[in-house]
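K.L.:
Structure file structure.cif, mmCIF, C-alpha atoms, is pasted below:
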data_my_file
#
loop_
_atom_site.label_atom_id
_atom_site.label_comp_id
_atom_site.auth_asym_id
_atom_site.auth_seq_id
_atom_site.Cartn_x
_atom_site.Cartn_y
_atom_site.Cartn_z
CA MET Y 10 68.46 127.98 94.93
CA THR Y 11 71.03 128.24 92.12
CA PHE Y 12 73.01 125.67 90.12
CA GLY Y 13 69.80 123.84 89.22
CA GLN Y 14 69.01 122.97 92.84
CA GLU Y 15 65.57 123.19 94.44
CA CYS Y 16 64.69 123.69 98.09
CA VAL Y 17 61.40 123.47 99.97
CA TRP Y 18 60.77 123.37 103.71
CA GLY Y 19 60.31 119.60 103.64
CA ASP Y 20 63.91 119.19 102.47
CA LEU Y 21 65.14 120.60 105.77
CA GLY Y 22 63.20 117.87 107.57
CA ILE Y 23 64.93 115.25 105.41
CA VAL Y 24 68.34 116.72 106.24
CA GLY Y 25 67.43 116.68 109.94
CA LEU Y 26 66.31 113.04 109.73
CA LEU Y 27 69.56 112.08 107.99
CA ILE Y 28 71.60 113.82 110.67
CA VAL Y 29 69.76 112.12 113.55
CA LEU Y 30 69.81 108.74 111.80
CA GLU Y 31 73.52 108.92 111.07
CA GLY Y 32 74.29 110.35 114.49
CA VAL Y 33 72.59 107.51 116.36
CA LEU Y 34 74.00 104.74 114.16
CA SER Y 35 77.46 106.30 114.07
CA ILE Y 36 77.88 106.19 117.84
CA ASP Y 37 77.73 102.40 117.82
CA ASN Y 38 79.88 102.37 114.72
CA ALA Y 39 82.61 104.50 116.28
CA LEU Y 40 82.64 102.34 119.40
CA VAL Y 41 82.89 99.16 117.32
CA LEU Y 42 85.93 100.62 115.57
CA GLY Y 43 87.39 101.30 118.99
CA LEU Y 44 86.82 97.66 119.98
CA LEU Y 45 88.57 96.53 116.78
CA ALA Y 46 91.56 98.77 117.46
CA LYS Y 47 91.65 97.63 121.09
CA ARG Y 48 92.83 94.21 119.89
CA LEU Y 49 96.08 95.81 118.72
CA PRO Y 50 99.07 96.66 120.90
CA LYS Y 51 98.51 99.98 122.69
CA HIS Y 52 100.99 101.98 120.60
CA GLN Y 53 99.27 100.99 117.32
CA GLN Y 54 95.63 101.67 118.25
CA ALA Y 55 95.46 105.40 117.48
CA GLN Y 56 97.33 104.94 114.20
CA ALA Y 57 94.94 102.23 113.03
CA LEU Y 58 91.90 104.39 113.81
CA THR Y 59 93.47 107.34 111.97
CA TYR Y 60 93.97 105.26 108.84
CA GLY Y 61 90.37 104.07 109.08
CA LEU Y 62 89.05 107.60 109.50
CA LEU Y 63 91.00 108.88 106.50
CA GLY Y 64 89.67 106.03 104.38
CA ALA Y 65 86.10 106.74 105.49
CA PHE Y 66 86.37 110.44 104.62
CA ALA Y 67 87.91 109.64 101.24
CA PHE Y 68 85.16 107.15 100.41
CA ARG Y 69 82.42 109.50 101.58
CA ILE Y 70 83.75 112.36 99.45
CA LEU Y 71 83.95 109.99 96.47
CA ALA Y 72 80.40 108.73 97.07
CA ILE Y 73 79.01 112.26 97.33
CA SER Y 74 80.86 113.33 94.18
CA VAL Y 75 79.25 110.52 92.15
CA ALA Y 76 75.85 110.78 93.88
CA SER Y 77 74.39 112.65 90.89
CA PHE Y 78 75.16 109.61 88.73
CA LEU Y 79 73.94 107.11 91.32
CA LEU Y 80 70.58 108.89 91.44
CA LYS Y 81 70.07 108.04 87.74
CA TRP Y 82 70.87 104.31 87.93
CA ARG Y 83 67.96 102.01 88.70
CA VAL Y 84 70.25 99.20 89.79
CA VAL Y 85 71.38 101.37 92.73
CA LYS Y 86 67.83 101.16 94.08
CA LEU Y 87 67.88 97.36 93.92
CA LEU Y 88 71.35 96.89 95.39
CA GLY Y 89 70.98 99.74 97.88
CA GLY Y 90 67.53 98.69 99.06
CA ALA Y 91 68.63 95.09 99.46
CA TYR Y 92 71.73 96.16 101.40
CA LEU Y 93 69.83 98.45 103.79
CA ALA Y 94 67.18 95.78 104.36
CA TYR Y 95 69.92 93.21 105.03
CA VAL Y 96 71.65 95.48 107.57
CA ALA Y 97 68.39 96.17 109.41
CA ILE Y 98 67.04 92.60 109.35
CA LYS Y 99 70.42 91.21 110.47
CA HIS Y 100 70.37 93.46 113.51
CA LEU Y 101 66.67 93.32 114.39
CA TRP Y 102 65.88 89.63 113.97
CA PHE Y 103 69.00 87.52 113.83
CA GLU Y 104 71.35 89.07 116.34
CA SER Y 105 69.45 91.42 118.66
CA GLY Y 106 68.97 88.64 121.19
CA GLU Y 107 72.75 88.31 121.52
CA ASP Y 108 73.23 91.96 122.39
CA VAL Y 109 74.78 92.38 125.83
CA GLY Y 110 76.16 95.91 125.65
CA GLN Y 111 74.82 99.43 125.55
CA VAL Y 112 76.38 102.81 124.85
CA ALA Y 113 77.35 104.90 127.87
CA LEU Y 114 79.66 107.71 128.93
CA GLY Y 115 82.48 106.86 131.32
CA SER Y 116 83.42 108.88 134.39
CA SER Y 117 85.97 110.89 132.39
CA GLY Y 118 83.53 111.60 129.55
CA GLU Y 119 84.76 108.94 127.13
CA SER Y 120 82.26 106.79 125.24
CA ALA Y 121 82.21 103.03 125.72
CA PHE Y 122 80.12 99.89 125.62
CA VAL Y 123 79.06 98.61 129.05
CA HIS Y 124 77.03 95.59 130.11
CA GLU Y 125 73.36 96.56 129.86
CA VAL Y 126 72.52 94.90 133.22
CA THR Y 127 75.58 95.37 135.43
CA GLY Y 128 77.04 98.51 133.85
CA ALA Y 129 80.51 96.94 133.98
CA GLY Y 130 82.99 96.80 131.11
CA LEU Y 131 82.61 93.99 128.58
CA THR Y 132 84.73 90.86 128.45
CA LEU Y 133 86.65 90.00 125.28
CA ALA Y 134 83.95 87.45 124.32
CA GLN Y 135 81.19 90.03 124.86
CA GLU Y 136 83.11 92.59 122.81
CA SER Y 137 83.29 90.04 119.98
CA ILE Y 138 79.49 89.70 120.11
CA GLU Y 139 79.08 93.48 119.83
CA ILE Y 140 81.46 93.65 116.88
CA GLU Y 141 79.80 90.80 114.96
CA GLU Y 142 76.32 92.18 115.59
CA ARG Y 143 76.90 95.76 114.55
CA ILE Y 144 78.87 95.46 111.33
CA PRO Y 145 77.76 93.82 108.05
CA ILE Y 146 81.08 91.99 107.57
CA PRO Y 147 80.82 88.33 108.70
CA ASN Y 148 83.33 86.54 110.94
CA VAL Y 149 85.45 89.63 111.55
CA THR Y 150 86.69 88.60 114.99
CA GLU Y 151 87.59 85.13 113.72
CA LEU Y 152 89.62 86.74 110.93
CA LEU Y 153 91.54 88.95 113.35
CA ASP Y 154 92.02 86.17 115.90
CA GLY Y 155 93.32 83.92 113.14
CA THR Y 156 96.09 86.41 112.31
CA ALA Y 157 96.93 87.25 115.94
CA ILE Y 158 100.44 86.97 117.34
CA ASP Y 159 100.94 86.53 121.10
CA GLY Y 160 97.24 87.25 121.66
CA LYS Y 161 97.28 90.57 119.76
CA ALA Y 162 95.81 91.20 116.30
CA ARG Y 163 98.21 92.13 113.51
CA PHE Y 164 98.27 95.77 112.39
CA TRP Y 165 97.48 95.70 108.67
CA PRO Y 166 94.69 93.07 108.81
CA THR Y 167 93.08 95.19 111.54
CA VAL Y 168 93.48 98.40 109.49
CA PHE Y 169 91.87 96.63 106.52
CA VAL Y 170 88.88 95.55 108.63
CA ILE Y 171 88.53 99.06 110.08
CA GLU Y 172 88.62 100.55 106.56
CA MET Y 173 85.97 98.12 105.29
CA THR Y 174 83.83 98.76 108.37
CA ASP Y 175 84.07 102.54 107.97
CA ILE Y 176 83.14 102.25 104.29
CA ALA Y 177 80.15 100.01 105.10
CA PHE Y 178 78.91 102.61 107.59
CA ALA Y 179 79.32 105.40 105.03
CA VAL Y 180 77.31 103.42 102.45
CA ASP Y 181 74.32 103.37 104.82
CA SER Y 182 74.01 107.14 104.99
CA ILE Y 183 74.56 107.76 101.27
CA LEU Y 184 71.93 105.16 100.32
CA ALA Y 185 69.47 106.56 102.88
CA ALA Y 186 69.89 110.04 101.42
CA ILE Y 187 69.37 108.78 97.86
CA ALA Y 188 66.18 107.02 98.97
CA LEU Y 189 64.73 110.01 100.80
CA VAL Y 190 65.27 112.58 98.03
CA GLY Y 191 63.58 110.36 95.44
CA PRO Y 192 63.48 110.97 91.66
CA ALA Y 193 63.62 114.38 90.04
CA SER Y 194 60.34 116.21 89.59
CA PRO Y 195 58.39 115.74 86.31
CA GLY Y 196 59.74 117.86 83.51
CA HIS Y 197 63.28 117.94 84.91
CA ALA Y 198 65.85 117.40 82.15
CA ALA Y 199 67.23 113.86 82.20
CA ASP Y 200 70.81 115.00 81.69
CA ALA Y 201 70.66 117.77 84.31
CA VAL Y 202 71.99 117.54 87.87
CA HIS Y 203 69.42 116.15 90.30
CA PRO Y 204 67.64 119.14 91.91
CA LYS Y 205 67.99 117.64 95.41
CA LEU Y 206 71.67 116.72 95.22
CA TRP Y 207 72.37 119.37 97.84
CA VAL Y 208 70.34 117.35 100.37
CA ILE Y 209 72.65 114.35 99.98
CA ILE Y 210 75.77 116.52 100.25
CA THR Y 211 74.50 118.49 103.26
CA GLY Y 212 73.19 115.47 105.15
CA GLY Y 213 76.32 113.44 104.49
CA MET Y 214 78.84 116.08 105.51
CA LEU Y 215 76.89 117.37 108.53
CA GLY Y 216 76.51 113.78 109.68
CA VAL Y 217 80.29 113.34 109.68
CA VAL Y 218 80.85 116.60 111.55
CA LEU Y 219 78.25 115.79 114.19
CA MET Y 220 79.54 112.24 114.57
CA ARG Y 221 83.01 113.56 115.43
CA TYR Y 222 82.12 116.66 117.46
CA ALA Y 223 78.69 116.00 118.96
CA ALA Y 224 79.04 112.35 119.94
CA VAL Y 225 78.19 113.11 123.56
CA VAL Y 226 74.81 114.56 122.50
CA PHE Y 227 73.83 111.37 120.70
CA ILE Y 228 75.11 109.17 123.54
CA ARG Y 229 72.97 111.16 125.98
CA LEU Y 230 70.05 110.61 123.61
CA LEU Y 231 70.61 106.85 123.66
CA GLU Y 232 71.01 106.83 127.45
CA ARG Y 233 67.76 108.76 127.90
CA PHE Y 234 65.87 106.90 125.15
CA PRO Y 235 67.46 103.43 124.79
CA ARG Y 236 64.77 102.34 122.30
CA PHE Y 237 66.18 104.77 119.76
CA GLU Y 238 68.96 102.46 118.63
CA VAL Y 239 66.42 99.82 117.56
CA THR Y 240 64.26 102.58 116.07
CA ALA Y 241 67.18 103.70 113.91
CA TYR Y 242 67.43 100.21 112.38
CA TRP Y 243 63.65 100.16 111.76
CA LEU Y 244 64.06 103.46 109.90
CA VAL Y 245 66.86 101.90 107.84
CA CYS Y 246 64.54 98.97 107.06
CA LEU Y 247 61.73 101.26 105.89
CA ILE Y 248 64.11 103.27 103.72
CA GLY Y 249 65.49 100.07 102.20
CA LEU Y 250 61.98 98.84 101.39
CA LYS Y 251 61.21 102.17 99.74
CA LEU Y 252 64.24 101.78 97.47
CA LEU Y 253 63.16 98.25 96.53
CA ILE Y 254 59.61 99.41 95.72
CA ASP Y 255 61.03 102.28 93.66
CA TRP Y 256 63.12 99.78 91.71
CA GLY Y 257 60.28 97.30 91.26
CA PHE Y 258 57.53 99.68 90.14
CA ASN Y 259 59.10 102.86 88.77
CA THR Y 260 60.88 102.89 85.40
CA PRO Y 261 62.60 105.62 83.36
CA ALA Y 262 59.47 105.78 81.20
CA GLU Y 263 57.16 105.97 84.25
CA PRO Y 264 59.29 107.25 87.16
CA HIS Y 265 56.30 108.24 89.30
CA ARG Y 266 54.09 105.16 89.09
CA VAL Y 267 54.49 104.73 92.87
CA ASP Y 268 55.22 108.26 94.06
CA PHE Y 269 56.50 108.68 97.61
CA HIS Y 270 57.20 112.39 97.13
CA ASN Y 271 53.86 113.79 95.93
CA PHE Y 272 51.49 114.57 98.79
CA HIS Y 273 48.54 114.05 96.44
CA GLU Y 274 49.42 110.33 96.22
CA MET Y 275 48.61 107.63 98.81
CA PRO Y 276 52.17 106.12 98.86
CA PHE Y 277 53.43 109.51 100.07
CA TRP Y 278 51.22 109.40 103.16
CA ILE Y 279 51.84 105.71 103.87
CA PHE Y 280 55.62 106.04 103.75
CA TRP Y 281 56.06 109.33 105.57
CA ILE Y 282 53.49 108.56 108.29
CA ALA Y 283 55.17 105.17 108.84
CA LEU Y 284 58.53 106.95 109.03
CA ALA Y 285 57.19 109.55 111.49
CA LEU Y 286 55.53 106.95 113.75
CA THR Y 287 58.68 104.83 113.76
CA PHE Y 288 60.80 107.85 114.61
CA CYS Y 289 58.49 108.83 117.48
CA SER Y 290 58.51 105.29 118.86
CA GLY Y 291 62.17 105.79 119.74
CA PHE Y 292 61.12 108.17 122.52
CA LEU Y 293 58.87 105.63 124.23
CA PRO Y 294 60.16 104.10 127.49
CA ARG Y 295 61.14 100.44 127.65
CA LYS Y 296 58.60 97.96 129.00
CA GLU Y 297 60.46 97.49 132.27
CA GLU Y 298 60.51 101.27 132.74
CA VAL Y 299 56.75 101.46 132.21
CA LYS Y 300 56.16 98.70 134.83
CA ALA Y 301 58.43 100.46 137.28
#
How would this structure read if it were set down as structure tokens?

P.N.:
Amino acid sequence: MTFGQECVWGDLGIVGLLIVLEGVLSIDNALVLGLLAKRLPKHQQAQALTYGLLGAFAFRILAISVASFLLKWRVVKLLGGAYLAYVAIKHLWFESGEDVGQVALGSSGESAFVHEVTGAGLTLAQESIEIEERIPIPNVTELLDGTAIDGKARFWPTVFVIEMTDIAFAVDSILAAIALVGPASPGHAADAVHPKLWVIITGGMLGVVLMRYAAVVFIRLLERFPRFEVTAYWLVCLIGLKLLIDWGFNTPAEPHRVDFHNFHEMPFWIFWIALALTFCSGFLPRKEEVKA
């Protein structure tokens, strides 16, 4: 490739993983934004979601444009790894037992959360549980309820929450891409553009396109393989741990002390086999399906 970029066949696998990961997580994210907007009066809901979408695109473009700088800062590995681990652990251990909804397609083809047992629509209290569980911003529903007038949330506080939620979701994918491309190869000039920057740009932008135009595909995936939502958070956890290990062991003087990107090194096999097994586990049936 030109412009100082490098491409091997394995990079295409990374792009594919980023697309699937973002696609699965983004379905829940988009539905949560819909639940937030639903608290507004009907005539304000579409406008609030539009503002949120514009903010998310603007932030994502900004993040991609500075990705080459983020790849050089060690502190990004610490903060990014800690954030991804927090998002995954929060969902997997502290709030998964409260989950009452699952993603489904309605009769007219629209996406929605329904009760995982009855298949009926969620109550307002159950919607609040779904919102609190799936976004990394604490006490969101309490904030909106506290500013409500006549039982409806106010417009600008809701737009602000939607913007912050969209940005938090965009951070996940950018950090995951930074983790998966790893450091530049030995001998690469320190002041040159990272040779795998194209992976971050491609994965990030294709993820947005697929999220908006192929949502049905990912919803069908979750309906057919309901374990995959949990699997996606396990993948986020593994990627976060990789960033933390990179930060803890690799330095500018010795950037490859623990090398996850050299197939001659044991960390490479441990990380990528763990990632592959976790990914494949998403296609396993649930326990109740096996018993049936």

K.L.:
Y:Val84, Y:Leu284, Y:Ala129, Y:Ile279: which is nearest Ala241 (chain Y), counting only C-alpha atoms?

P.N.:
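Of all the options, Y:Leu284 lies closest to Ala241 (chain Y).
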
K.L.:
I need the output of the PyMOL selection byres ((chain Y and resi 164-181) around 8) for this file as a PDB file with C-alpha atoms, in the frame of the given file; which residues are they?

P.N.:
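Saved result, result14.pdb, follows:
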ATOM      1  CA  SER Y  35      77.460 106.300 114.070  1.00  0.00           C
ATOM      2  CA  ASN Y  38      79.880 102.370 114.720  1.00  0.00           C
ATOM      3  CA  LEU Y  42      85.930 100.620 115.570  1.00  0.00           C
ATOM      4  CA  LEU Y  45      88.570  96.530 116.780  1.00  0.00           C
ATOM      5  CA  ALA Y  46      91.560  98.770 117.460  1.00  0.00           C
ATOM      6  CA  LEU Y  49      96.080  95.810 118.720  1.00  0.00           C
ATOM      7  CA  GLN Y  53      99.270 100.990 117.320  1.00  0.00           C
ATOM      8  CA  ALA Y  57      94.940 102.230 113.030  1.00  0.00           C
ATOM      9  CA  LEU Y  58      91.900 104.390 113.810  1.00  0.00           C
ATOM     10  CA  TYR Y  60      93.970 105.260 108.840  1.00  0.00           C
ATOM     11  CA  GLY Y  61      90.370 104.070 109.080  1.00  0.00           C
ATOM     12  CA  LEU Y  62      89.050 107.600 109.500  1.00  0.00           C
ATOM     13  CA  GLY Y  64      89.670 106.030 104.380  1.00  0.00           C
ATOM     14  CA  ALA Y  65      86.100 106.740 105.490  1.00  0.00           C
ATOM     15  CA  PHE Y  68      85.160 107.150 100.410  1.00  0.00           C
ATOM     16  CA  ARG Y  69      82.420 109.500 101.580  1.00  0.00           C
ATOM     17  CA  LEU Y  93      69.830  98.450 103.790  1.00  0.00           C
ATOM     18  CA  ILE Y 144      78.870  95.460 111.330  1.00  0.00           C
ATOM     19  CA  PRO Y 145      77.760  93.820 108.050  1.00  0.00           C
ATOM     20  CA  ILE Y 146      81.080  91.990 107.570  1.00  0.00           C
ATOM     21  CA  VAL Y 149      85.450  89.630 111.550  1.00  0.00           C
ATOM     22  CA  LEU Y 153      91.540  88.950 113.350  1.00  0.00           C
ATOM     23  CA  THR Y 156      96.090  86.410 112.310  1.00  0.00           C
ATOM     24  CA  ALA Y 162      95.810  91.200 116.300  1.00  0.00           C
ATOM     25  CA  ARG Y 163      98.210  92.130 113.510  1.00  0.00           C
ATOM     26  CA  SER Y 182      74.010 107.140 104.990  1.00  0.00           C
ATOM     27  CA  ILE Y 183      74.560 107.760 101.270  1.00  0.00           C
ATOM     28  CA  LEU Y 184      71.930 105.160 100.320  1.00  0.00           C
ATOM     29  CA  ALA Y 185      69.470 106.560 102.880  1.00  0.00           C
TER      30      ALA Y 185
END

K.L.:
For CA of Asn148 (chain Y) and CA of Leu131 (chain Y), determine how far apart the two atoms are, in Å to one decimal place.

P.N.:
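The value is 19.2 Å.
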
K.L.:
With a distance cut-off of 7 Å and only C-alpha atoms, select the neighbouring residues of Glu142 (chain Y), excluding the residue or stretch itself and same-chain residues fewer than 2 positions from it, and output the selection as a list in words.

P.N.:
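Contacts, with the query itself left out: His100, Glu104, Ile138, Glu139, Ile140 and Ile144 of chain Y.
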
K.L.:
Counting all atoms listed in the file, figure out which residue out of Y:Asn259, Y:Asn271, Y:Gln135, Y:Ser290 gets nearest to Leu244 (chain Y).

P.N.:
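Checking each candidate against Leu244 (chain Y), we get Y:Ser290 as the closest.
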
K.L.:
So how many Å separate CA of Arg236 (chain Y) and CA of Phe280 (chain Y), to one decimal?

P.N.:
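According to the coordinates, CA of Arg236 (chain Y) and CA of Phe280 (chain Y) are separated by 21.0 Å.
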
K.L.:
Residues within 10 Å of Leu44 (chain Y), please, as a list in words. Count all atoms listed in the file; anything in the same chain fewer than 3 positions from it doesn't count.

P.N.:
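Non-adjacent residues within range: Asn38, Ala39, Leu40, Val41, Lys47, Arg48, Leu49, Gln54, Ala121, Phe122, Leu133, Glu136, Ser137, Glu139 and Ile140 of chain Y.
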
K.L.:
For the residues in the current selection, export C-alpha atoms as a PDB file, keeping the file's coordinate frame.

P.N.:
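What landed in part_32.pdb:
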ATOM      1  CA  ASN Y  38      79.880 102.370 114.720  1.00  0.00           C
ATOM      2  CA  ALA Y  39      82.610 104.500 116.280  1.00  0.00           C
ATOM      3  CA  LEU Y  40      82.640 102.340 119.400  1.00  0.00           C
ATOM      4  CA  VAL Y  41      82.890  99.160 117.320  1.00  0.00           C
ATOM      5  CA  LYS Y  47      91.650  97.630 121.090  1.00  0.00           C
ATOM      6  CA  ARG Y  48      92.830  94.210 119.890  1.00  0.00           C
ATOM      7  CA  LEU Y  49      96.080  95.810 118.720  1.00  0.00           C
ATOM      8  CA  GLN Y  54      95.630 101.670 118.250  1.00  0.00           C
ATOM      9  CA  ALA Y 121      82.210 103.030 125.720  1.00  0.00           C
ATOM     10  CA  PHE Y 122      80.120  99.890 125.620  1.00  0.00           C
ATOM     11  CA  LEU Y 133      86.650  90.000 125.280  1.00  0.00           C
ATOM     12  CA  GLU Y 136      83.110  92.590 122.810  1.00  0.00           C
ATOM     13  CA  SER Y 137      83.290  90.040 119.980  1.00  0.00           C
ATOM     14  CA  GLU Y 139      79.080  93.480 119.830  1.00  0.00           C
ATOM     15  CA  ILE Y 140      81.460  93.650 116.880  1.00  0.00           C
TER      16      ILE Y 140
END

K.L.:
CA of Leu21 (chain Y) and CA of Phe288 (chain Y) are how many Å apart?

P.N.:
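Taking CA of Leu21 (chain Y) and CA of Phe288 (chain Y), their separation equals 16.1 Å.
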
K.L.:
When the PyMOL selection byres ((chain Y and resi 287) around 12) is applied to the structure above, which residues does it catch, written out as a PyMOL selection string?

P.N.:
chain Y and resi 26+30+236-248+280-286+288-293

K.L.:
Using only C-alpha atoms, pick whichever of Y:Ala193, Y:Ala201, Y:Ala186, Y:Leu231 has the shortest atom-to-atom distance to Ile28 (chain Y).

P.N.:
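Result for the nearest residue to Ile28 (chain Y): Y:Ala186.
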
K.L.:
Go through the shown structure with the PyMOL selection byres ((chain Y and resi 270) around 12) and write out the matching residues as number ranges by chain.

P.N.:
Y: 19-20, 23, 188-195, 251, 255, 264-269, 271-281

K.L.:
Tell me, as a PDB file with C-alpha atoms, keeping the file's coordinate frame, which residues lie within 12 Å of Trp82 (chain Y), counting all atoms listed in the file; anything in the same chain fewer than 3 positions away does not count.

P.N.:
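Result went into out_21.pdb, see below:
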ATOM      1  CA  VAL Y  75      79.250 110.520  92.150  1.00  0.00           C
ATOM      2  CA  ALA Y  76      75.850 110.780  93.880  1.00  0.00           C
ATOM      3  CA  SER Y  77      74.390 112.650  90.890  1.00  0.00           C
ATOM      4  CA  PHE Y  78      75.160 109.610  88.730  1.00  0.00           C
ATOM      5  CA  LEU Y  79      73.940 107.110  91.320  1.00  0.00           C
ATOM      6  CA  VAL Y  85      71.380 101.370  92.730  1.00  0.00           C
ATOM      7  CA  LYS Y  86      67.830 101.160  94.080  1.00  0.00           C
ATOM      8  CA  LEU Y  87      67.880  97.360  93.920  1.00  0.00           C
ATOM      9  CA  LEU Y  88      71.350  96.890  95.390  1.00  0.00           C
ATOM     10  CA  GLY Y  89      70.980  99.740  97.880  1.00  0.00           C
ATOM     11  CA  ILE Y 187      69.370 108.780  97.860  1.00  0.00           C
ATOM     12  CA  PRO Y 192      63.480 110.970  91.660  1.00  0.00           C
ATOM     13  CA  ALA Y 199      67.230 113.860  82.200  1.00  0.00           C
ATOM     14  CA  LEU Y 252      64.240 101.780  97.470  1.00  0.00           C
ATOM     15  CA  ASP Y 255      61.030 102.280  93.660  1.00  0.00           C
ATOM     16  CA  TRP Y 256      63.120  99.780  91.710  1.00  0.00           C
ATOM     17  CA  ASN Y 259      59.100 102.860  88.770  1.00  0.00           C
ATOM     18  CA  THR Y 260      60.880 102.890  85.400  1.00  0.00           C
ATOM     19  CA  PRO Y 261      62.600 105.620  83.360  1.00  0.00           C
ATOM     20  CA  PRO Y 264      59.290 107.250  87.160  1.00  0.00           C
TER      21      PRO Y 264
END
